[in-house]
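In what follows, a structure is listed as structure tokens, so that the remarks can point back to it.
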Amino acid sequence: MNEESDVELQLSELFDRYADGYDDYDVAAIADCFAFPCVVWQMDQGHVFADQEELVENLEALLDVHRENNVTQSTYEVISTHVSGCTAHITLDWQQEDDAGDVVFDFTCHYTIVQIDENWRITMIVNEPA
């Protein structure tokens, strides 16, 4: 396996863990995908999370919204990937569905990912406004 395909596999594994964390309502698994500090832009506002504890509070509120809407499945499609050294920029289209397979949330996110030691972690997310 060449270095480029190895990095793509590692990034795919990161987002698979991230999606699984949402599907399992596992705040710790989701938060483990991030480096700190991190920034999340959503609804035209930026939020800086200095550490995992701050992010977990936000994630718990987000998962409450998922529970209220019966979200059970999160899937993504890679729209673009650019990797340069220890940094990656990735755009994903997401669909989150309920038990019946109906789409509850459909959105696009842009991610900045960094490699720390051997692990890739999310440092910034920009959610496209709907």
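Chain lettering (A, B, ...) mirrors the order of the structure tokens, residue numbering begins at 1 for each chain separately, and ligand numbering begins at 1 in order of display.
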Which residues of region 9-31 of chain A come within 7 Å of region 49-64 of chain A, and for each one, what is the closest pair of atoms and their distance in Å to one decimal, counting only C-alpha atoms, sorted by chain and residue number, as a tab-separated table?
residue	atom	partner	partner_atom	distance
A:Tyr25	CA	A:Leu63	CA	6.5
A:Val27	CA	A:Leu59	CA	6.4
A:Ala31	CA	A:Gln52	CA	6.4
With all heavy atoms retained, write the just-selected residues as a compact mmCIF listing (two decimals), in the first residue's frame.
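Written out: result-v8.txt:
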# COMPACT_ATOMS: atom_id res chain seq x y z
N TYR A 25 -24.71 7.18 19.75
CA TYR A 25 -24.89 8.22 20.77
C TYR A 25 -23.76 8.17 21.79
O TYR A 25 -23.98 8.30 22.99
CB TYR A 25 -26.26 8.09 21.44
CG TYR A 25 -27.39 8.48 20.51
CD1 TYR A 25 -27.89 7.58 19.57
CD2 TYR A 25 -27.94 9.75 20.57
CE1 TYR A 25 -28.90 7.95 18.70
CE2 TYR A 25 -28.96 10.12 19.70
CZ TYR A 25 -29.45 9.22 18.77
OH TYR A 25 -30.44 9.59 17.92
N VAL A 27 -20.77 10.03 23.05
CA VAL A 27 -20.11 11.33 23.08
C VAL A 27 -18.59 11.16 23.16
O VAL A 27 -17.85 11.87 22.47
CB VAL A 27 -20.62 12.17 24.27
CG1 VAL A 27 -19.83 13.44 24.43
CG2 VAL A 27 -22.09 12.49 24.09
N ALA A 31 -15.90 12.74 20.50
CA ALA A 31 -14.91 13.70 20.99
C ALA A 31 -13.49 13.20 20.75
O ALA A 31 -12.57 14.00 20.53
CB ALA A 31 -15.13 13.99 22.47
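Shell of Val7 (chain A) at 12 Å, with only C-alpha atoms counted and residues fewer than 4 places along the chain excluded, is Met1, Asn2, Glu3, Leu11, Ser12, Glu13, Leu14, Thr81, His82, Val83, Ser84, Gly85, Cys86, Thr87, Ala88, Ile113, Val114, Gln115, Glu118, Asn119 and Trp120 of chain A.
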Give me a file of those residues, with N, CA, C and O atoms, as a PDB file, in the first residue's frame.
ATOM      1  N   MET A   1       0.855  -1.168   0.000  1.00  0.00           N
ATOM      2  CA  MET A   1       0.000   0.000   0.000  1.00  0.00           C
ATOM      3  C   MET A   1       0.903   1.233   0.000  1.00  0.00           C
ATOM      4  O   MET A   1       1.810   1.335   0.809  1.00  0.00           O
ATOM      5  N   ASN A   2       0.624   2.170  -0.904  1.00  0.00           N
ATOM      6  CA  ASN A   2       1.454   3.364  -0.940  1.00  0.00           C
ATOM      7  C   ASN A   2       1.003   4.361   0.126  1.00  0.00           C
ATOM      8  O   ASN A   2      -0.061   4.226   0.720  1.00  0.00           O
ATOM      9  N   GLU A   3       1.827   5.366   0.346  1.00  0.00           N
ATOM     10  CA  GLU A   3       1.572   6.329   1.423  1.00  0.00           C
ATOM     11  C   GLU A   3       0.247   7.060   1.223  1.00  0.00           C
ATOM     12  O   GLU A   3      -0.508   7.250   2.172  1.00  0.00           O
ATOM     13  N   LEU A  11      -7.935   8.335   7.047  1.00  0.00           N
ATOM     14  CA  LEU A  11      -8.961   9.375   7.104  1.00  0.00           C
ATOM     15  C   LEU A  11     -10.357   8.755   7.022  1.00  0.00           C
ATOM     16  O   LEU A  11     -11.275   9.175   7.733  1.00  0.00           O
ATOM     17  N   SER A  12     -10.523   7.746   6.183  1.00  0.00           N
ATOM     18  CA  SER A  12     -11.795   7.045   6.099  1.00  0.00           C
ATOM     19  C   SER A  12     -12.141   6.392   7.435  1.00  0.00           C
ATOM     20  O   SER A  12     -13.297   6.454   7.892  1.00  0.00           O
ATOM     21  N   GLU A  13     -11.156   5.783   8.070  1.00  0.00           N
ATOM     22  CA  GLU A  13     -11.381   5.164   9.382  1.00  0.00           C
ATOM     23  C   GLU A  13     -11.780   6.209  10.418  1.00  0.00           C
ATOM     24  O   GLU A  13     -12.642   5.958  11.269  1.00  0.00           O
ATOM     25  N   LEU A  14     -11.166   7.403  10.367  1.00  0.00           N
ATOM     26  CA  LEU A  14     -11.525   8.491  11.280  1.00  0.00           C
ATOM     27  C   LEU A  14     -12.998   8.842  11.129  1.00  0.00           C
ATOM     28  O   LEU A  14     -13.742   8.909  12.111  1.00  0.00           O
ATOM     29  N   THR A  81     -11.002  15.803  -1.215  1.00  0.00           N
ATOM     30  CA  THR A  81      -9.935  15.567  -0.239  1.00  0.00           C
ATOM     31  C   THR A  81      -8.659  16.187  -0.779  1.00  0.00           C
ATOM     32  O   THR A  81      -8.310  15.992  -1.940  1.00  0.00           O
ATOM     33  N   HIS A  82      -7.995  16.925   0.079  1.00  0.00           N
ATOM     34  CA  HIS A  82      -6.669  17.445  -0.253  1.00  0.00           C
ATOM     35  C   HIS A  82      -5.770  17.196   0.951  1.00  0.00           C
ATOM     36  O   HIS A  82      -6.074  17.648   2.057  1.00  0.00           O
ATOM     37  N   VAL A  83      -4.703  16.447   0.739  1.00  0.00           N
ATOM     38  CA  VAL A  83      -3.759  16.137   1.814  1.00  0.00           C
ATOM     39  C   VAL A  83      -2.419  16.748   1.456  1.00  0.00           C
ATOM     40  O   VAL A  83      -1.932  16.585   0.331  1.00  0.00           O
ATOM     41  N   SER A  84      -1.840  17.449   2.413  1.00  0.00           N
ATOM     42  CA  SER A  84      -0.512  18.020   2.237  1.00  0.00           C
ATOM     43  C   SER A  84       0.248  17.848   3.546  1.00  0.00           C
ATOM     44  O   SER A  84      -0.075  18.497   4.546  1.00  0.00           O
ATOM     45  N   GLY A  85       1.200  16.932   3.541  1.00  0.00           N
ATOM     46  CA  GLY A  85       1.969  16.680   4.762  1.00  0.00           C
ATOM     47  C   GLY A  85       1.075  16.154   5.861  1.00  0.00           C
ATOM     48  O   GLY A  85       0.364  15.168   5.691  1.00  0.00           O
ATOM     49  N   CYS A  86       1.080  16.863   6.988  1.00  0.00           N
ATOM     50  CA  CYS A  86       0.311  16.419   8.156  1.00  0.00           C
ATOM     51  C   CYS A  86      -1.048  17.109   8.258  1.00  0.00           C
ATOM     52  O   CYS A  86      -1.672  17.111   9.317  1.00  0.00           O
ATOM     53  N   THR A  87      -1.525  17.690   7.135  1.00  0.00           N
ATOM     54  CA  THR A  87      -2.800  18.403   7.125  1.00  0.00           C
ATOM     55  C   THR A  87      -3.675  17.876   5.994  1.00  0.00           C
ATOM     56  O   THR A  87      -3.192  17.595   4.905  1.00  0.00           O
ATOM     57  N   ALA A  88      -4.961  17.769   6.281  1.00  0.00           N
ATOM     58  CA  ALA A  88      -5.919  17.368   5.253  1.00  0.00           C
ATOM     59  C   ALA A  88      -7.123  18.297   5.310  1.00  0.00           C
ATOM     60  O   ALA A  88      -7.517  18.762   6.389  1.00  0.00           O
ATOM     61  N   ILE A 113      -8.150  18.645   9.095  1.00  0.00           N
ATOM     62  CA  ILE A 113      -7.675  17.508   9.891  1.00  0.00           C
ATOM     63  C   ILE A 113      -6.156  17.627  10.023  1.00  0.00           C
ATOM     64  O   ILE A 113      -5.488  18.000   9.056  1.00  0.00           O
ATOM     65  N   VAL A 114      -5.622  17.317  11.194  1.00  0.00           N
ATOM     66  CA  VAL A 114      -4.171  17.294  11.366  1.00  0.00           C
ATOM     67  C   VAL A 114      -3.744  15.926  11.873  1.00  0.00           C
ATOM     68  O   VAL A 114      -4.508  15.236  12.543  1.00  0.00           O
ATOM     69  N   GLN A 115      -2.522  15.579  11.528  1.00  0.00           N
ATOM     70  CA  GLN A 115      -1.952  14.327  12.026  1.00  0.00           C
ATOM     71  C   GLN A 115      -1.079  14.669  13.222  1.00  0.00           C
ATOM     72  O   GLN A 115      -0.141  15.459  13.125  1.00  0.00           O
ATOM     73  N   GLU A 118       0.701   9.544  15.158  1.00  0.00           N
ATOM     74  CA  GLU A 118       0.219   8.718  14.051  1.00  0.00           C
ATOM     75  C   GLU A 118      -1.294   8.848  13.843  1.00  0.00           C
ATOM     76  O   GLU A 118      -1.860   8.152  13.016  1.00  0.00           O
ATOM     77  N   ASN A 119      -1.923   9.730  14.602  1.00  0.00           N
ATOM     78  CA  ASN A 119      -3.381   9.822  14.579  1.00  0.00           C
ATOM     79  C   ASN A 119      -3.863  11.079  13.871  1.00  0.00           C
ATOM     80  O   ASN A 119      -3.337  12.166  14.107  1.00  0.00           O
ATOM     81  N   TRP A 120      -4.888  10.944  13.045  1.00  0.00           N
ATOM     82  CA  TRP A 120      -5.529  12.078  12.390  1.00  0.00           C
ATOM     83  C   TRP A 120      -6.670  12.541  13.273  1.00  0.00           C
ATOM     84  O   TRP A 120      -7.448  11.726  13.777  1.00  0.00           O
TER      85      TRP A 120
END
Quote the spacing between CA of Tyr22 (chain A) and CA of Asp6 (chain A) in Å to one decimal place.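 One can read the CA of Tyr22 (chain A) to CA of Asp6 (chain A) distance as 24.7 Å.
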Sel. of strand (DSSP E) residues, chain A, as a ChimeraX atom specification: /A:34-42,45-49,73-84,87-97,103-116,119-127
